[in-house]
Amino acid sequence: MHAKSSALADNATVLRYALVAPAVFIILMIGLYPFVKLAATSVQDITMFGADRSFQGFKHYARLMEDDRLWEAIWHTTVFTAIALPIELILGYLLALLFLHPLPFRRTLIAIILLPTVISPIVAGATWRLMLDQRFGPINQMIGWIVGGEVEILWTINPTFVWPAVLAAEVWQWTPFMFLILLAALSNVDTEQLEAAEIDGAGPWTVFRKILLPAILPVVVIAVLIRGLDLVRVFDVIWTMTQGGPGTRTETISIYAYQMAFREFEVSYSSAIAFFVIVLLTVIVIAALRRVELAR
Amino acid sequence: MDRRRFFGLTATSALAYGVLGSSGASAQGAATQAIEAAKQYAGTTLNVLYEAGLQPLDPKNFTGPLWEELTGIKINVIESPVDQMFTKTMQAHMANSGAYDVLNVIPNQLPDLALAGALEPLDGFVEKYAYGDELDAIAPVYRDNQMKVEGTIYGLPDDGDVLIMYYRRDLFDDPENKAAFMDQHGYELAPPTTWEQFSQIGQFFTDKYAPDIYGAGMLRAPGNAQYLFQERFRVEGGKFFDDETMRATVNSQIGVDIFNAMIAENDFMPPGVEQWGFIEAFNAFLAGDIAMTISWPPVGRWAAGYGKGTEALNWIPETTVADTIGYALPPGGHPELAVGFSLAVASGSQNKEAAYLFAQWMNSEEISLQRVQLPYALRDPFRTSHFESEEYRNRWPTAGEYLDTLKAGAETGLIDLSLIQTDRYEEGIRQALSRLWGGDDPQAILDDLAAQWDELTDRIGMEKQKRVYLDWSSKPNAYPT
């Protein structure tokens with residue numbers, strides 16, 4: 001009897017694996033093959049003029065360690081992420097709090113707020129570039145009305161203003177995403193707990209720290225991870241607005257990798273950059289997930 | 001087929017047949033020969049890479065339908081932004097996708113693409129279809145500089161791009177302005193022949209007319225301005241590299257002086273000129289907002305009102321300078337032959353011969369003359385016969401003067417820098433200019449540019465790059481003579 005049930009269990013296990021195997025295989029092919037191909041290319045020597053596919057060692061990795069422009073791009077990406085992410089999170093949270101309560105035309109307003117998110121980032125970048133244009137753009141004109149005189153701010157050229165300009169476009173487009181996620185999370189917080197806290201005399205900060213934050217934290221972490229990864233990969237908006245300029249002042253990792261891969265055709269070197277960034281991001285994501293005990 | 005398209009096709013066909021007929025319909029004509037030979041490929045489709053925008057209207061509205069009617073070969077136009085054409089061509093080559101048959105190649109990228117194996121050598125086809133004589137009739141500066149790589153034909157020069165000066169004759173001819181300018185500077189008010197004069201004239205007009213009219217508005221966006229820098233640097237006596245050591249000399253005092261002058265000139269140009277590309281400068285000139293500009297040939301045609309009423313040009317603002325436009329060579333007298341296009345055949349094409357025949361037909365004396373007169377297209381005169389065409393010279397009142405200026409530019413013009421991996425060197429200039437508008441120190445910018453170029457040269461191989469540079473610099477239109 002025992003042997004029979006054991007055999008049945010074994011068969012069931014085999015069947016389960018067999019059923020899952022095709023999906024796993026496809027996922028591995030889709031996800032793993034490019035990764036392996038990327039790693040292989042990064043140790044070859046493929047350029048515009050030749051494709052030496054023999055093993056070349058890790059010379060491209062050595063080169064990227066000494067590549068000042070790459071590290072500058074990593075620094076730009078880090079700073080950009082570090083500034084944009086909290087702004088989007090805080091603005092998204094505040095908006096979500098606002099819309100948590102009944103408002104006139106609430107649904108319509110939510111739909112309007114979400115509009116930037118559905119626009120292609122290339123279009124968003126081009127639109128912002130036009131809005132910030134000195135000759136045709138309305139922003140300098142509006143500032144001029146406020147200050148009472150003609151304003152000449154070259155937003156996408158002047159190093160002082162170029163980051164604020166790019167950040168404004170990014171925050172404008174993606175704050176609604178944070179808003180939506182956080183609104184959903186806040187809507188699910190147990191209102192009885194909030195009422196109890198209020199009766200007990202808890203202040204807003206205490207309510208936030210002791211009730212709201214723990215309740216929405218898993219969702220916040222996921223939202224931050226998604227947006228954080230998006231920001232690290234940022235390309236479209238900056239490319240459309242500045243092409244990484246002035247000079248290389250707004251060049252991010254993605255822009256630099258694109259330049260190397262598709263303008264300079266340093267295929268192996270750009271593969272090394274991409275592989276390096278993937279490893280870096282994987283470490284960060286795993287660390288982040290472990291920290292909030294979601295890795296399980 | 002709607003009525004408009006029917007009439008359009010009929011008209012263009014009649015035009016082409018007429019032209020072919022007028023050339024004697026001789027079997028010897030390159031266009032006729034291409035048509036006859038191409039008929040064996042009837043039923044195939046050629047994929048043609050074109051710069052996005054107005055350029056593809058030529059194969060879409062004129063040459064494509066006509067070629068299909070004459071040969072049975074269909075033309076499929078694939079568009080790409082100009083700054084991605086090199087990338088797309090290389091990607092198609094590296095992936096061996098055979099995505100394109102006919103390519104539009106920017107001539108200074110011809111060596112890169114040819115050496116990478118992306119282009120088909122054309123000598124065999126040229127000989128087979130006896131196209132040599134008509135190739136020789138292309139204006140020498142384009143024929144000698146935009147066709148061959150290491151002695152092999154890879155492209156058929158097909159676009160006479162040149163940056164010439166356009167100015168408002170009414171302001172320059174105004175007696176009051178003439179007298180005041182003479183008093184102020186001691187010489188006649190006329191289109192500037194030096195950059196110093198350009199500054200003085202520009203400042204003079206700005207002082208008098210701004211903010212209604214500024215002295216000049218120039219191409220300042222790095223992608224465009226780099227050509228003006230390349231030209232001006234050489235006109236002022238600069239050399240890009242040392243002939244012996246192949247070290248970059250772009251950071252010489254000449255380069256620094258030019259950067260400083262460009263910054264200073266912005267003061268008499270409209271606010272925000274640092275952002276101006278082709279469209280902004282073009283719009284401002286047509287609106288009469290600036291007295292001078294330097295740009296590509298279509299500006300001169302459209303500003304004169306040529307093509308007015310053409311549906312494809314509805315986006316162009318109404319010109320206010322049609323009766324007052326003047327044409328001149330830019331200061332220094334050596335305009336940049338910026339960008340341009342050569343027709344090439346992709347090495348990965350499955351239809352190389354048909355592709356070549358289409359290119360030969362488009363590039364031939366007969367068809368190219370019609371193409372450069374298409375009001376909506378961007379192909380500019382590149383054959384001696386184009387400059388001399390009576391038909392073209394009568395297109396608008398000052399068309400003759402326009403064509404004479406283009407011809408003069410083609411004789412003294414300077415070709416774009418062309419090296420192995422040219423785009424990387426040009427990218428350096430673009431970045432340098434964007435830093436210049438960002439307020440960085442000119443000397444520091446150019447020192448960085450020189451270091452960047454040297455590093456690149458070392459990576460490519462100094463001797464290898466030196467050979468290519470010396471070959472380029474030995475051409476009569478590389479540096480002013």
# chains A, B, ... in the order shown; residues from 1 in each chain; ligands from 1
call {"tool": "interface_residues", "arguments": {"of": "chain A", "to": "chain B", "cutoff": "8 Å", "atoms": "only C-alpha atoms", "output": "list in words"}}
result
Met48, Phe49, Gly50, Asp133, Gln134, Arg135, Glu152, Ile153, Leu154, Ile157, Asn158, Pro159, Gly245, Pro246, Gly247, Thr248, Phe262, Arg263 and Glu264 of chain A
call {"tool": "residues_around", "arguments": {"residues": "stretch 239-244 of chain B", "least_positions_apart": "4", "cutoff": "12 Å", "atoms": "only C-alpha atoms", "output": "PyMOL selection string"}}
result
chain B and resi 229-235+248-255+416-419+425-426+429+446+449-451+453-454+457+462-463+465-474+478-480
call {"tool": "select_by_dssp", "arguments": {"residues": "stretch 93-300 of chain B", "states": "strand (DSSP E)", "output": "list in words"}}
result
Val102, Leu103, Asn104, Val105, Lys148, Val149, Thr152, Ile153, Leu156, Pro157, Ile164, Met165, Tyr166, Tyr167, Arg168, Met292, Thr293, Ile294 and Ser295 of chain B
call {"tool": "atom_distance", "arguments": {"atom1": "atom CA of B:Tyr100", "atom2": "atom CA of B:Ile78"}}
result
8.3 Å
call {"tool": "residues_around", "arguments": {"residues": "stretch 95-98 of chain B", "least_positions_apart": "2", "cutoff": "9 Å", "atoms": "only C-alpha atoms", "output": "list in words"}}
result
Met90, Gln91, Ala92, His93, Tyr100, Asp101, Ala346, Ser347, Gly348, Ser349 and Gln350 of chain B
call {"tool": "select_by_dssp", "arguments": {"residues": "stretch 88-221 of chain B", "states": "helix (DSSP H, G or I)", "output": "MDAnalysis selection string"}}
result
chainID B and resid 88:94 107:115 123:128 132:136 140:145 169:173 175:185 195:209
call {"tool": "residues_around", "arguments": {"residues": "stretch 168-170 of chain B", "least_positions_apart": "4", "cutoff": "10 Å", "atoms": "only C-alpha atoms", "output": "list in words"}}
result
Asp174, Pro175, Asn177, Ala190, Pro191, Phe285, Gly288, Asp289, Ile290, Ala291, Met292, Thr293, Val321, Ala322, Asp323, Thr324, Ile325, Gly326 and Tyr327 of chain B
call {"tool": "write_last_selection", "arguments": {"atoms": "C-alpha atoms", "output": "tab-separated table (two decimals), in the first residue's frame"}}
result
chain	number	residue	atom	x	y	z
B	174	ASP	CA	19.22	100.52	-48.38
B	175	PRO	CA	21.07	103.84	-49.04
B	177	ASN	CA	22.18	101.72	-44.18
B	190	ALA	CA	27.91	94.15	-48.79
B	191	PRO	CA	27.72	90.41	-48.05
B	285	PHE	CA	14.89	83.97	-42.35
B	288	GLY	CA	12.32	88.34	-42.20
B	289	ASP	CA	13.59	88.23	-38.61
B	290	ILE	CA	17.26	87.99	-39.55
B	291	ALA	CA	19.41	89.76	-42.12
B	292	MET	CA	21.80	86.88	-42.81
B	293	THR	CA	21.96	83.16	-42.41
B	321	VAL	CA	11.73	87.73	-48.38
B	322	ALA	CA	10.91	86.23	-51.79
B	323	ASP	CA	11.67	89.46	-53.63
B	324	THR	CA	14.60	90.51	-51.52
B	325	ILE	CA	16.67	87.38	-51.05
B	326	GLY	CA	20.31	87.52	-52.03
B	327	TYR	CA	22.80	84.66	-52.37
call {"tool": "atom_distance", "arguments": {"atom1": "atom CA of A:Phe136", "atom2": "atom CA of B:Ala216"}}
result
18.3 Å
call {"tool": "decode", "arguments": {"residues": "stretch 433-462 of chain B", "atoms": "C-alpha atoms", "output": "PDB file, in the first residue's frame"}}
result
ATOM      1  CA  LEU B 433      29.896  72.717 -29.287  1.00  0.00           C
ATOM      2  CA  SER B 434      27.252  71.716 -26.784  1.00  0.00           C
ATOM      3  CA  ARG B 435      29.780  72.414 -24.021  1.00  0.00           C
ATOM      4  CA  LEU B 436      30.594  75.749 -25.643  1.00  0.00           C
ATOM      5  CA  TRP B 437      26.941  76.808 -25.493  1.00  0.00           C
ATOM      6  CA  GLY B 438      26.873  75.456 -21.946  1.00  0.00           C
ATOM      7  CA  GLY B 439      29.485  77.999 -20.939  1.00  0.00           C
ATOM      8  CA  ASP B 440      32.677  75.927 -20.675  1.00  0.00           C
ATOM      9  CA  ASP B 441      36.072  77.435 -21.416  1.00  0.00           C
ATOM     10  CA  PRO B 442      36.913  77.180 -25.160  1.00  0.00           C
ATOM     11  CA  GLN B 443      40.522  76.178 -24.584  1.00  0.00           C
ATOM     12  CA  ALA B 444      39.535  73.462 -22.109  1.00  0.00           C
ATOM     13  CA  ILE B 445      36.855  72.170 -24.459  1.00  0.00           C
ATOM     14  CA  LEU B 446      39.223  71.951 -27.402  1.00  0.00           C
ATOM     15  CA  ASP B 447      41.982  70.389 -25.295  1.00  0.00           C
ATOM     16  CA  ASP B 448      39.511  67.697 -24.267  1.00  0.00           C
ATOM     17  CA  LEU B 449      38.441  67.276 -27.870  1.00  0.00           C
ATOM     18  CA  ALA B 450      42.031  66.868 -29.010  1.00  0.00           C
ATOM     19  CA  ALA B 451      42.689  64.326 -26.246  1.00  0.00           C
ATOM     20  CA  GLN B 452      39.531  62.458 -27.216  1.00  0.00           C
ATOM     21  CA  TRP B 453      40.588  62.401 -30.878  1.00  0.00           C
ATOM     22  CA  ASP B 454      44.111  61.236 -30.000  1.00  0.00           C
ATOM     23  CA  GLU B 455      42.773  58.411 -27.859  1.00  0.00           C
ATOM     24  CA  LEU B 456      40.476  57.383 -30.669  1.00  0.00           C
ATOM     25  CA  THR B 457      43.272  57.537 -33.218  1.00  0.00           C
ATOM     26  CA  ASP B 458      45.455  55.363 -30.999  1.00  0.00           C
ATOM     27  CA  ARG B 459      42.662  52.844 -30.572  1.00  0.00           C
ATOM     28  CA  ILE B 460      42.021  52.668 -34.316  1.00  0.00           C
ATOM     29  CA  GLY B 461      45.736  52.560 -35.058  1.00  0.00           C
ATOM     30  CA  MET B 462      47.786  55.675 -35.618  1.00  0.00           C
TER      31      MET B 462
END
